[in-house]
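Here's the structure, in structure tokens; my notes come after.
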Amino acid sequence: MTPTAAPVPQPEMGSDRDRHESHIMRQSDDLSSSDPLLVRTAKRGQTTTMTGATADSAEHGADATATGYVPFDGIYDEMVAADGSVRPAFTTISTWFSSASMASQSVRARKTERLLLDRFNDPRDMGQPWHLDIVPIAFSKDEWAKIETAALQRARLYQAFLSDIYGEQTLLTSGTVPADLVLNDSSYLRPLFTGQPGSCPLTFLAIDLARDPAGHWRVIDVHTETPAGHGFVLANRMIMAEISPDLFRFSRTVPIGPFYQSLSQTLYERAKGDDPTVAILTPSPKSAAFRGHAYMARYLGYLQVQGSDLRVVDQNVYLKTIDGLKRIDVLLRAIEGRRADPIELAPDGFEGPVGLVQAARQNPDLIANALGSAVIENRGLSPFMTGIAQHLLGEDLLIPDAPRLWLGQRAIRDTIAADLDDYIIYDAQEGTGSPGQAKSGTRAGTMSGEQRAALEQRIALDASLLVAEKPIGFATAPAWSEDGLRPKPFALRVFATGLKDGFQVMPGGVALTIDDDAAVALTSNEARSRDVWVVSPNTPPSSVTLSRMAHADSGIQRHSRNLQSRVADNLFWLGRYCERADATLRLVRQALTQTAPDLSRSSGRNTRLTRALNQILAKDGSADATVPSQPQSNGLADIIGKLCSEPDRVYGLPRTIDNIRRTALQCRDRLSTDSWGLLTGLSVSGLVCVPSNVQPLRPTTPDAEAAPPPEPEIANAHDLIETCDQLINQLSAFAGLTHENMTRNSGRQFLDMGRRLERALQLVELLDSLFTNAGDDDELRDNLTFALCVADSYLTFRSRYHLGPELKLVLDLLLIDETNPRSLVFQLAALSEQIDGLPRSSDDAVRATEQRMALDLLTRTRLVDLDEIIQSDDSGTRKMLKTMLDSVISELPQLSETISRHYFSLADEQPQRLRPHFPR
Amino acid sequence: MPTYSILHRTTYSYSSPVIQSHHLLHLTPRSVTHQDVERHSIVIEPTPTSQQKRNDYFGNPSVHITLDEDHREFSVTARSGIKVDAVAAPDLAATTRWEDIAERKVTAAQGLDRSVLDFACRSRYTAPTATVLEFARDSFQQGMPVLVAADALMKRIYTEFRFDNATTDVSTPVDQVIAQKSGVCQDFAHLQISALRAFGLPARYVSGYIRTHPPDGSEKLAGSDASHAWVSVWAPETGWVDFDPTNNLVNSPDHITVAYGRDFDDVSPISGVLLGGGAHSVAVAVDVTPL
């Protein structure tokens with residue numbers, strides 16, 4: 001046994017470290033260091049550590065019973081050997097977990113989940129839940145060396161296999177692999193066949209391993225299609241370093257940063273030219289695997305692109321940016337190969353740009369992994385793997401495949417038909433590499449008659465797509481539970497990358513706890529992921545985190561200047577939707593405040609307020625808003641109810657907030673974690689308007705009959721106001737974050753332009769509904785107050801004038817005061833400035849259309865003669881004001897359209913397939 | 001030994017401009033054992049920005065084109081001169097029993113290699129279904145020579161199914177074709193292929209033209225011919241033999257082969273992906289003139 005040279009770490013809950021940790025967490029009330037429970041457990045933890053786990057005891061192997069951990073009889077366990085001693089790799093971890101109280105570990109476990117939730121999980125997108133067990137799985141350097149050697153052999157083997165299958169096909173002609181197995185696989189991409197050796201180079205791969213109960217490793221799956229799983233590794237490692245920094249440090253865990261640095265270097269070296277652009281091609285953000293890929297892209301500093309961001313011209317791949325087309329030199333592929341080019345591959349696969357296969361043919365180094373690499377993932381190859389290794393390498397497999405049968409052969413089908421109940425039936429080609437996403441197999445033994453008949457039919461029709469295996473059981477490793485550490489079966493994913501002169505294996509990886517009754521692969525999406533540590537006494541104690549290593553390599557992050565048209569488009573609309581939501585919320589809030597009897601003196605006089613709200617409804621094509629001349633027929637409660645909770649209204653709050661989330665998702669890699677958290681935290685659940693059935697008592701006045709019928713009361717006005725406040729605060733916080741924290745680049749420019757444009761539009765629409773018709777003085781006064789409040793300029797006005805609002809002064813403040821950040825002219829000036837700063841080709845000597853439009857609007861607004869435009873004619877219409885506001889209302893959307901055409905036009909078109917003419 | 005002059009013109013019209021389009025053409029007839037391509041040309045309007053010729057995975061000549069100019073109309077005219085040799089009628093009864101091929105008892109050395117097995121595997125339009133299996137079972141009697149079974153299947157489709165070009169489109173599944181007992185040549189070809197492959201046999205989809213004979217006494221109308229599709233089935237004794245379930249013909253000199261693949265997807269005469277274009281319509285004119 002190797003003695004652990006490092007002092008045994010002690011959990012330090014309640015110490016400085018803890019304060020630091022709770023600082024990191026946003027909602028840490030229940031975890032603060034002043035919590036008496038935590039202080040107590042920390043003290044107890046320290047004393048037990050001192051006595052129970054000295055360096056001496058570690059040297060002689062801790063007694064397993066001290067941890068309360070008992071592995072299953074006769075089943076190999078990673079922590080505890082058959083003789084009851086703790087394996088050297090686990091000494092530190094075992095001591096750590098036996099010395100800390102359950103309560104403190106429980107706190108850690110909860111905190112882990114919360115960190116994951118805060119950073120990596122979307123509460124609204126549970127496609128791929130991400131759980132992390134706080135107990136890492138550790139391997140000694142010697143044990144890992146065996147895994148590493150076997151993984152390197154596999155990497156060479158798989159590379160040779162792909163090269164042969166897309167090249168000379170000696171495996172098929174020699175009969176080593178049945179041709180039907182490969183030819184029926186939809187991931188065998190015929191257009192990529194070259195007939196030449198050296199085809200289909202592998203850059204990254206992952207191998208899933210599991211031990212059988214006796215402790216022998218088996219290969220259960222291989223992943224060569226996408227770099228799935230790297231996101232898990234990176235996130236898990238960062239969280240572990242944060243949750244248990246001391247444990248991490250004292251375990252002498254081998255760092256994984258250098259592995260990623262070599263990967264990055266290899267990709268950059270592959271690209272020809274001085275300043276290459278490397279991008280990771282991911283599916284749409286809606287796909288389950290997206291988050292993991294996005295995380296990897298961010299860590300490596302790669303541009304993250306989708307198929308629609310790219311365009312193939314002359315067999316080269318370009319990125320559509322706001323500054324035109326930019327050449328891409330290397331594409332790290334995180335999409336399914338068969339869906340990468342609709343012209344030559346699956347006709348309905350639009351995840352890559354049209355013509356990608358042509359580009360790949362012309363430049364075999366362009367895509368990593370090469371298209372077609374998934375054919376090695378076929379589980380049906382397992383029974384032939386020994387022969388393949390002999391044929392291609394002349395070697396015996398260091399770790400064999402899991403015992404498995406391919407049903408494509410008649411004899412095999414006859415064999416398993418006899419005792420079908422004993423087998424688990426799987427798809428041979430699963431088509432997903434995401435941990436936790438694999439489908440579980442089908443057990444005939446547990447089926448109803450009907451299901452069994454369906455399975456038998458499936459075997460009759462699709463045998464070549466199926467494999468069968470008998471469950472063999474798994475070795476275990478300690479997993480966290482509220483009752484202490486418990487043995488759980490697990491599978492391990494090992495990663496390798498191809499460098500210039502061979503492959504390298506990551507020292508570590510990710511493991512997944514398998515449910516006792518679940519099947520072979522990494523199946524259950526409820527399973528917990530595990531950080532995998534390789535511990536070596538030669539590793540200097542270090543709590544170095546990944547982010548620091550990434551920074552050390554920061555020369556790589558050179559490409560933030562390439563703003564994709566799609567991202568610019570979404571940022572622009574994110575800005576517009578945020579402002580739209582903000583304006584609508586302020587309008588609703590003010591209407592509630594001003595009309596609630598106990599909040600305002602002016603109840604009952606809200607004709608124009610209703611009109612202002614109605615105008616929003618009227619913009620919606622499907623709205624049943626009444627014409628503005630009869631606004632009373634829609635009561636306030638009715639209108640507010642519609643704005644707040646009808647999901648299909650284009651201008652209603654639920655839809656607008658949904659649009660915020662949708663656009664934010666599309667430009668997520670440009671938003672900080674905090675911004676993202678704020679936007680996804682927007683909730684419309686509190687926006688429910690409850691009209692009261694009780695009509696308010698009103699004093700009977702002589703002209704009561706002539707007055708409009710009283711508004712129905714809103715029973716929960718106060719709650720609604722509070723909800724509006726909260727949402728407005730969240731939106732303001734986001735605005736503040738982008739203002740303070742977002743880099744001054746084109747991305748921010750588009751976000752800001754969207755904001756300015758929408759704020760200007762909302763303001764003029766409000767003024768248009770309130771002031772273009774002269775009403776009586778009381779109403780005017782109410783409306784002026786209303787407008788000032790909605791435009792967040794009431795205080796400015798009061799501090800400046802110390803008197804009641806007056807139309808001319810209010811219009812001055814809201815329209816042409818350049819110092820008021822809520823005024824129209826302020827928005828237009830900012831807009832014009834942003835537009836002038838956008839990239840455009842240098843030969844544009846004259847101003848571009850959008851520049852001229854913005855300048856024209858700005859100039860006209862600046863030159864407005866207030867005395868003139870507030871005049872009303874005999875019919876009580878302020879014609880000049882109306883003309884002025886209406887021109888702004890019609891020109892702003894035109895400006896938006898012009899910006900879109902100039903900068904996003906390449907992005908908004910979705911490609912379509914030509915309808916084929918078929919022979920008769 | 002007929003020689004044909006063939007004209008195949010396809011015109012797409014778009015309701016709004018196409019900003020960029022990629023197309024893959026399978027309009028160049030391949031040379032096969034009984035057929036010589038004497039001349040061939042393709043004219044494309046508007047002129048493509050880029051154009052690349054390449055033989056595809058199955059050895060069919062194909063052309064990749066890109067149009068980067070805005071356009072509202074796209075037309076391709078292919079002209080070919082082809083000499084077709086008559087092929088002696090194959091001895092169907094002298095072929096291997098179908099089970100030996102289905103169970104791969106015939107070896108690669110006997111010709112059942114990857115290039116043949118490629119056509120025994122599933123594809124988008126020919127994935128086996130229970131209905132197809134049920135429909136075809138009668139034609140595969142125990143120990144029957146493979147091409148006799150193929151011939152029986154062809155005759156059943158020819159007699160039991162009605163030609164009707166209004167009941168199906170390019171994506172009609174074979175199950176529906178079986179249910180309604182009608183379709184066009186492509187449907188019949190997909191059906192027969194699907195049935196043969198469901199029993200483990202190699203069968204390929206052939207795209208091409210057929211010489212048509214106008215009703216007695218009438219003139220043939222210009223452009224009235226059509227592109228055609230049929231089936232080819234493999235046996236170790238004969239190699240590939242053509243079966244046309246639409247016309248009940250085996251290895252006929254009236255058939256001119258353009259390309260073959262697993263199904264229509266592999267050899268669609270003109271496929272494409274467009275940026276823009278809106279709604280579109282297509283007009284096709286084919287003339288097959290014997291010289």
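Here, A, B, ... name the chains of the structure tokens in the order displayed, residue numbers run from 1 inside each chain, and ligands are numbered from 1 in the same displayed order.
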So that each row is one residue of chain A with an atom at most 6 Å from chain B, can you give its shortest atom pair and the distance in Å to one decimal, using only C-alpha atoms, rows by chain and rising number, as JSON lines?
```
{"residue": "A:Asn184", "atom": "CA", "partner": "B:Cys121", "partner_atom": "CA", "distance": 5.3}
{"residue": "A:Pro191", "atom": "CA", "partner": "B:Tyr57", "partner_atom": "CA", "distance": 5.9}
{"residue": "A:Pro911", "atom": "CA", "partner": "B:Leu275", "partner_atom": "CA", "distance": 4.6}
{"residue": "A:Gln912", "atom": "CA", "partner": "B:Leu274", "partner_atom": "CA", "distance": 5.2}
{"residue": "A:Arg913", "atom": "CA", "partner": "B:Val273", "partner_atom": "CA", "distance": 4.4}
{"residue": "A:Leu914", "atom": "CA", "partner": "B:Gly272", "partner_atom": "CA", "distance": 4.9}
{"residue": "A:Pro919", "atom": "CA", "partner": "B:Ser227", "partner_atom": "CA", "distance": 4.9}
{"residue": "A:Arg920", "atom": "CA", "partner": "B:Cys185", "partner_atom": "CA", "distance": 5.1}
```
Would you list the contacts of region 378-383 of chain A as a VMD selection string, taking every protein, DNA or RNA residue within 7 Å and counting only C-alpha atoms, but skipping same-chain residues closer than 4 positions in sequence? chain A and resid 401 404 to 406 428 to 429 467
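Taking only C-alpha atoms into account, Gln35 (chain B) lies nearest to B:Ser252 out of the set B:Ser252, B:Thr168, B:Ser139, B:Thr238.
Taking only C-alpha atoms into account, Thr743 (chain A) lies nearest to A:Arg670 out of the set A:Ile728, A:Arg190, A:Arg670, A:Arg781.
As for CA of Asn538 (chain A) and CA of Leu247 (chain A), they are spaced 16.3 Å apart.
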Name the residues of region 681-889 of chain A that come out as alpha helix (DSSP H) in a backbone DSSP run; write them as an mmCIF file with C-alpha atoms, in the first residue's frame.
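Everything below was put into out_18.cif:
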```cif
data_model
loop_
_atom_site.group_PDB
_atom_site.id
_atom_site.type_symbol
_atom_site.label_atom_id
_atom_site.label_comp_id
_atom_site.auth_asym_id
_atom_site.auth_seq_id
_atom_site.Cartn_x
_atom_site.Cartn_y
_atom_site.Cartn_z
ATOM 1 C CA ALA A 717 -54.691 44.955 -7.312
ATOM 2 C CA HIS A 718 -52.056 45.116 -4.592
ATOM 3 C CA ASP A 719 -50.655 41.700 -5.364
ATOM 4 C CA LEU A 720 -50.585 42.510 -9.038
ATOM 5 C CA ILE A 721 -48.760 45.758 -8.414
ATOM 6 C CA GLU A 722 -46.225 43.860 -6.373
ATOM 7 C CA THR A 723 -45.714 41.302 -9.128
ATOM 8 C CA CYS A 724 -45.260 44.089 -11.660
ATOM 9 C CA ASP A 725 -42.733 45.747 -9.336
ATOM 10 C CA GLN A 726 -40.795 42.550 -9.076
ATOM 11 C CA LEU A 727 -40.693 41.917 -12.813
ATOM 12 C CA ILE A 728 -39.730 45.530 -13.507
ATOM 13 C CA ASN A 729 -36.928 45.160 -10.981
ATOM 14 C CA GLN A 730 -35.669 42.005 -12.651
ATOM 15 C CA LEU A 731 -35.712 43.660 -16.057
ATOM 16 C CA SER A 732 -33.944 46.698 -14.641
ATOM 17 C CA ALA A 733 -31.348 44.445 -13.072
ATOM 18 C CA PHE A 734 -30.742 42.860 -16.459
ATOM 19 C CA ALA A 735 -30.479 46.284 -18.078
ATOM 20 C CA GLY A 736 -28.014 47.283 -15.381
ATOM 21 C CA LEU A 737 -25.956 44.129 -15.853
ATOM 22 C CA THR A 738 -25.685 44.636 -19.585
ATOM 23 C CA HIS A 739 -24.817 48.265 -19.041
ATOM 24 C CA GLU A 740 -22.154 47.567 -16.456
ATOM 25 C CA ASN A 741 -20.821 44.162 -17.377
ATOM 26 C CA SER A 746 -21.257 44.755 -31.581
ATOM 27 C CA GLY A 747 -23.347 42.318 -29.588
ATOM 28 C CA ARG A 748 -24.113 44.875 -26.939
ATOM 29 C CA GLN A 749 -24.703 47.423 -29.646
ATOM 30 C CA PHE A 750 -27.517 45.367 -31.122
ATOM 31 C CA LEU A 751 -29.061 44.726 -27.732
ATOM 32 C CA ASP A 752 -28.986 48.440 -27.010
ATOM 33 C CA MET A 753 -30.364 49.393 -30.411
ATOM 34 C CA GLY A 754 -33.292 47.060 -29.834
ATOM 35 C CA ARG A 755 -33.899 48.670 -26.463
ATOM 36 C CA ARG A 756 -33.744 52.242 -27.752
ATOM 37 C CA LEU A 757 -35.965 51.531 -30.665
ATOM 38 C CA GLU A 758 -38.633 49.790 -28.612
ATOM 39 C CA ARG A 759 -38.533 52.337 -25.807
ATOM 40 C CA ALA A 760 -39.000 55.168 -28.307
ATOM 41 C CA LEU A 761 -41.858 53.321 -29.951
ATOM 42 C CA GLN A 762 -43.626 52.548 -26.664
ATOM 43 C CA LEU A 763 -43.283 56.162 -25.559
ATOM 44 C CA VAL A 764 -44.718 57.750 -28.684
ATOM 45 C CA GLU A 765 -47.567 55.251 -28.731
ATOM 46 C CA LEU A 766 -48.395 56.166 -25.159
ATOM 47 C CA LEU A 767 -48.305 59.875 -25.888
ATOM 48 C CA ASP A 768 -50.371 59.301 -29.007
ATOM 49 C CA SER A 769 -53.132 57.573 -27.061
ATOM 50 C CA LEU A 770 -53.166 60.140 -24.245
ATOM 51 C CA PHE A 771 -52.679 63.572 -25.763
ATOM 52 C CA ASP A 777 -58.535 69.766 -17.629
ATOM 53 C CA ASP A 778 -58.984 67.146 -14.908
ATOM 54 C CA GLU A 779 -58.517 64.352 -17.358
ATOM 55 C CA LEU A 780 -55.492 66.044 -18.869
ATOM 56 C CA ARG A 781 -53.922 66.380 -15.444
ATOM 57 C CA ASP A 782 -54.469 62.700 -14.709
ATOM 58 C CA ASN A 783 -53.075 61.723 -18.053
ATOM 59 C CA LEU A 784 -50.000 63.898 -17.635
ATOM 60 C CA THR A 785 -49.286 62.288 -14.292
ATOM 61 C CA PHE A 786 -49.898 58.906 -15.812
ATOM 62 C CA ALA A 787 -47.514 59.549 -18.701
ATOM 63 C CA LEU A 788 -44.808 60.898 -16.403
ATOM 64 C CA CYS A 789 -45.089 57.862 -14.154
ATOM 65 C CA VAL A 790 -45.144 55.316 -16.952
ATOM 66 C CA TYR A 794 -42.240 61.914 -12.573
ATOM 67 C CA LEU A 795 -39.523 62.692 -10.075
ATOM 68 C CA THR A 796 -37.464 64.570 -12.620
ATOM 69 C CA PHE A 797 -40.474 66.663 -13.425
ATOM 70 C CA ARG A 798 -41.316 67.378 -9.810
ATOM 71 C CA SER A 799 -37.788 68.324 -8.883
ATOM 72 C CA ARG A 800 -37.561 70.612 -11.855
ATOM 73 C CA TYR A 801 -40.866 72.448 -11.795
ATOM 74 C CA LEU A 807 -48.735 69.633 -21.298
ATOM 75 C CA LYS A 808 -45.966 71.726 -22.779
ATOM 76 C CA LEU A 809 -43.539 71.027 -19.953
ATOM 77 C CA VAL A 810 -44.343 67.330 -19.942
ATOM 78 C CA LEU A 811 -43.883 67.027 -23.699
ATOM 79 C CA LEU A 824 -37.713 60.246 -27.287
ATOM 80 C CA VAL A 825 -34.818 62.360 -28.461
ATOM 81 C CA PHE A 826 -32.473 60.549 -26.088
ATOM 82 C CA GLN A 827 -33.449 57.168 -27.598
ATOM 83 C CA LEU A 828 -33.108 58.462 -31.141
ATOM 84 C CA ALA A 829 -29.725 60.062 -30.481
ATOM 85 C CA ALA A 830 -28.427 56.848 -28.915
ATOM 86 C CA LEU A 831 -29.884 54.805 -31.755
ATOM 87 C CA SER A 832 -28.303 57.003 -34.377
ATOM 88 C CA GLU A 833 -24.956 56.814 -32.643
ATOM 89 C CA GLN A 834 -25.103 53.023 -32.384
ATOM 90 C CA ILE A 835 -26.057 52.675 -36.025
ATOM 91 C CA ASP A 836 -23.157 54.895 -37.065
ATOM 92 C CA THR A 849 -30.189 53.817 -45.459
ATOM 93 C CA GLU A 850 -30.558 53.032 -41.767
ATOM 94 C CA GLN A 851 -28.121 55.817 -40.899
ATOM 95 C CA ARG A 852 -30.110 58.318 -42.903
ATOM 96 C CA MET A 853 -33.420 57.176 -41.446
ATOM 97 C CA ALA A 854 -32.178 57.452 -37.873
ATOM 98 C CA LEU A 855 -30.605 60.838 -38.460
ATOM 99 C CA ASP A 856 -33.758 62.125 -40.125
ATOM 100 C CA LEU A 857 -35.935 61.034 -37.207
ATOM 101 C CA LEU A 858 -33.510 62.530 -34.711
ATOM 102 C CA THR A 859 -33.250 65.842 -36.505
ATOM 103 C CA ARG A 860 -36.985 66.254 -36.919
ATOM 104 C CA THR A 861 -37.527 65.493 -33.256
ATOM 105 C CA ARG A 862 -34.884 67.992 -32.229
ATOM 106 C CA LEU A 866 -43.596 72.710 -28.790
ATOM 107 C CA ASP A 867 -45.815 75.783 -28.762
ATOM 108 C CA GLU A 868 -46.998 74.891 -32.206
ATOM 109 C CA ILE A 869 -47.689 71.208 -31.768
ATOM 110 C CA LYS A 879 -53.365 67.667 -35.277
ATOM 111 C CA MET A 880 -49.725 68.720 -35.373
ATOM 112 C CA LEU A 881 -48.880 66.525 -32.396
ATOM 113 C CA LYS A 882 -50.693 63.629 -33.953
ATOM 114 C CA THR A 883 -48.894 64.019 -37.286
ATOM 115 C CA MET A 884 -45.565 64.209 -35.552
ATOM 116 C CA LEU A 885 -46.170 61.148 -33.318
ATOM 117 C CA ASP A 886 -47.721 59.126 -36.127
ATOM 118 C CA SER A 887 -44.722 59.643 -38.368
ATOM 119 C CA VAL A 888 -42.450 58.340 -35.622
ATOM 120 C CA ILE A 889 -44.807 55.410 -35.017
#
```
Mind listing the strand (DSSP E or B) residues of region 32-186 of chain B, per DSSP on the backbone, as a ChimeraX atom specification? /B:32,35-45,50-55,61-67,71-84,97,145,162-163,182-183
Dump N, CA and C atoms for the selected residues as a compact mmCIF listing (two decimals), in the first residue's frame?
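Wrote result07.txt, looks like this:
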```txt
# COMPACT_ATOMS: atom_id res chain seq x y z
N VAL B 32 -23.78 1.13 -68.89
CA VAL B 32 -23.93 -0.21 -68.32
C VAL B 32 -23.65 -1.21 -69.43
N GLN B 35 -25.53 -0.90 -72.70
CA GLN B 35 -25.93 0.45 -73.09
C GLN B 35 -24.71 1.35 -73.27
N ASP B 36 -24.64 2.07 -74.41
CA ASP B 36 -23.53 3.00 -74.65
C ASP B 36 -24.07 4.42 -74.70
N VAL B 37 -23.44 5.32 -73.96
CA VAL B 37 -23.83 6.73 -74.03
C VAL B 37 -22.99 7.37 -75.12
N GLU B 38 -23.61 7.74 -76.25
CA GLU B 38 -22.84 8.26 -77.38
C GLU B 38 -22.62 9.76 -77.28
N ARG B 39 -23.59 10.45 -76.76
CA ARG B 39 -23.40 11.87 -76.53
C ARG B 39 -24.29 12.29 -75.36
N HIS B 40 -23.87 13.38 -74.69
CA HIS B 40 -24.65 13.84 -73.54
C HIS B 40 -24.28 15.29 -73.25
N SER B 41 -25.27 16.10 -72.97
CA SER B 41 -24.99 17.49 -72.57
C SER B 41 -26.05 17.96 -71.58
N ILE B 42 -25.66 18.88 -70.71
CA ILE B 42 -26.62 19.48 -69.78
C ILE B 42 -26.50 20.99 -69.89
N VAL B 43 -27.63 21.67 -70.07
CA VAL B 43 -27.63 23.13 -70.09
C VAL B 43 -28.43 23.62 -68.89
N ILE B 44 -27.82 24.50 -68.10
CA ILE B 44 -28.48 24.97 -66.89
C ILE B 44 -28.67 26.48 -66.96
N GLU B 45 -29.87 26.94 -66.64
CA GLU B 45 -30.13 28.37 -66.59
C GLU B 45 -30.77 28.73 -65.26
N SER B 50 -20.99 27.67 -59.41
CA SER B 50 -19.99 26.62 -59.42
C SER B 50 -20.65 25.32 -59.86
N GLN B 51 -19.85 24.45 -60.43
CA GLN B 51 -20.36 23.22 -61.01
C GLN B 51 -19.29 22.17 -60.87
N GLN B 52 -19.66 21.01 -60.35
CA GLN B 52 -18.66 19.95 -60.14
C GLN B 52 -19.23 18.61 -60.54
N LYS B 53 -18.49 17.88 -61.36
CA LYS B 53 -18.92 16.55 -61.74
C LYS B 53 -18.21 15.53 -60.87
N ARG B 54 -18.94 14.48 -60.55
CA ARG B 54 -18.33 13.48 -59.67
C ARG B 54 -19.17 12.22 -59.77
N ASN B 55 -18.52 11.07 -59.75
CA ASN B 55 -19.28 9.83 -59.69
C ASN B 55 -19.66 9.57 -58.24
N PRO B 61 -22.89 9.00 -62.58
CA PRO B 61 -22.37 10.35 -62.80
C PRO B 61 -23.32 11.36 -62.15
N SER B 62 -22.78 12.30 -61.42
CA SER B 62 -23.65 13.30 -60.79
C SER B 62 -23.00 14.67 -60.96
N VAL B 63 -23.83 15.70 -60.87
CA VAL B 63 -23.33 17.07 -61.00
C VAL B 63 -23.82 17.88 -59.80
N HIS B 64 -22.88 18.50 -59.10
CA HIS B 64 -23.23 19.42 -58.01
C HIS B 64 -23.21 20.83 -58.57
N ILE B 65 -24.26 21.59 -58.35
CA ILE B 65 -24.20 22.98 -58.78
C ILE B 65 -24.66 23.91 -57.66
N THR B 66 -24.15 25.12 -57.69
CA THR B 66 -24.56 26.15 -56.76
C THR B 66 -24.96 27.38 -57.57
N LEU B 67 -26.07 27.97 -57.23
CA LEU B 67 -26.49 29.22 -57.86
C LEU B 67 -26.49 30.29 -56.78
N HIS B 71 -32.62 34.31 -58.31
CA HIS B 71 -33.34 33.85 -59.51
C HIS B 71 -34.75 33.41 -59.15
N ARG B 72 -35.64 33.54 -60.14
CA ARG B 72 -37.03 33.13 -59.95
C ARG B 72 -37.37 31.90 -60.77
N GLU B 73 -36.45 31.54 -61.65
CA GLU B 73 -36.68 30.36 -62.47
C GLU B 73 -35.38 29.60 -62.60
N PHE B 74 -35.50 28.29 -62.67
CA PHE B 74 -34.32 27.45 -62.75
C PHE B 74 -34.65 26.33 -63.72
N SER B 75 -33.85 26.20 -64.78
CA SER B 75 -34.17 25.12 -65.71
C SER B 75 -32.93 24.33 -66.06
N VAL B 76 -33.15 23.04 -66.26
CA VAL B 76 -32.07 22.12 -66.61
C VAL B 76 -32.54 21.32 -67.82
N THR B 77 -31.73 21.34 -68.85
CA THR B 77 -32.07 20.55 -70.04
C THR B 77 -30.95 19.55 -70.29
N ALA B 78 -31.32 18.27 -70.25
CA ALA B 78 -30.33 17.22 -70.51
C ALA B 78 -30.67 16.58 -71.85
N ARG B 79 -29.64 16.44 -72.70
CA ARG B 79 -29.83 15.77 -74.00
C ARG B 79 -28.84 14.61 -74.09
N SER B 80 -29.35 13.45 -74.52
CA SER B 80 -28.47 12.29 -74.59
C SER B 80 -28.75 11.50 -75.86
N GLY B 81 -27.69 10.86 -76.37
CA GLY B 81 -27.85 9.90 -77.45
C GLY B 81 -27.35 8.56 -76.95
N ILE B 82 -28.23 7.55 -76.99
CA ILE B 82 -27.88 6.29 -76.33
C ILE B 82 -28.21 5.09 -77.21
N LYS B 83 -27.24 4.18 -77.25
CA LYS B 83 -27.45 2.94 -77.99
C LYS B 83 -27.69 1.81 -76.98
N VAL B 84 -28.81 1.11 -77.18
CA VAL B 84 -29.13 0.03 -76.24
C VAL B 84 -29.10 -1.30 -76.97
N ARG B 97 -31.53 -20.79 -55.20
CA ARG B 97 -32.73 -20.66 -54.36
C ARG B 97 -32.58 -19.42 -53.49
N PRO B 145 -36.25 -20.59 -57.05
CA PRO B 145 -35.12 -19.81 -57.57
C PRO B 145 -35.38 -18.32 -57.38
N ARG B 162 -53.28 -0.89 -59.82
CA ARG B 162 -53.74 -0.03 -60.90
C ARG B 162 -52.80 1.17 -61.01
N PHE B 163 -52.42 1.52 -62.26
CA PHE B 163 -51.60 2.72 -62.44
C PHE B 163 -52.48 3.95 -62.29
N SER B 182 -52.88 1.01 -55.76
CA SER B 182 -52.64 1.84 -56.93
C SER B 182 -51.43 2.72 -56.67
N GLY B 183 -50.90 3.28 -57.75
CA GLY B 183 -49.74 4.14 -57.62
C GLY B 183 -49.09 4.35 -58.98
```
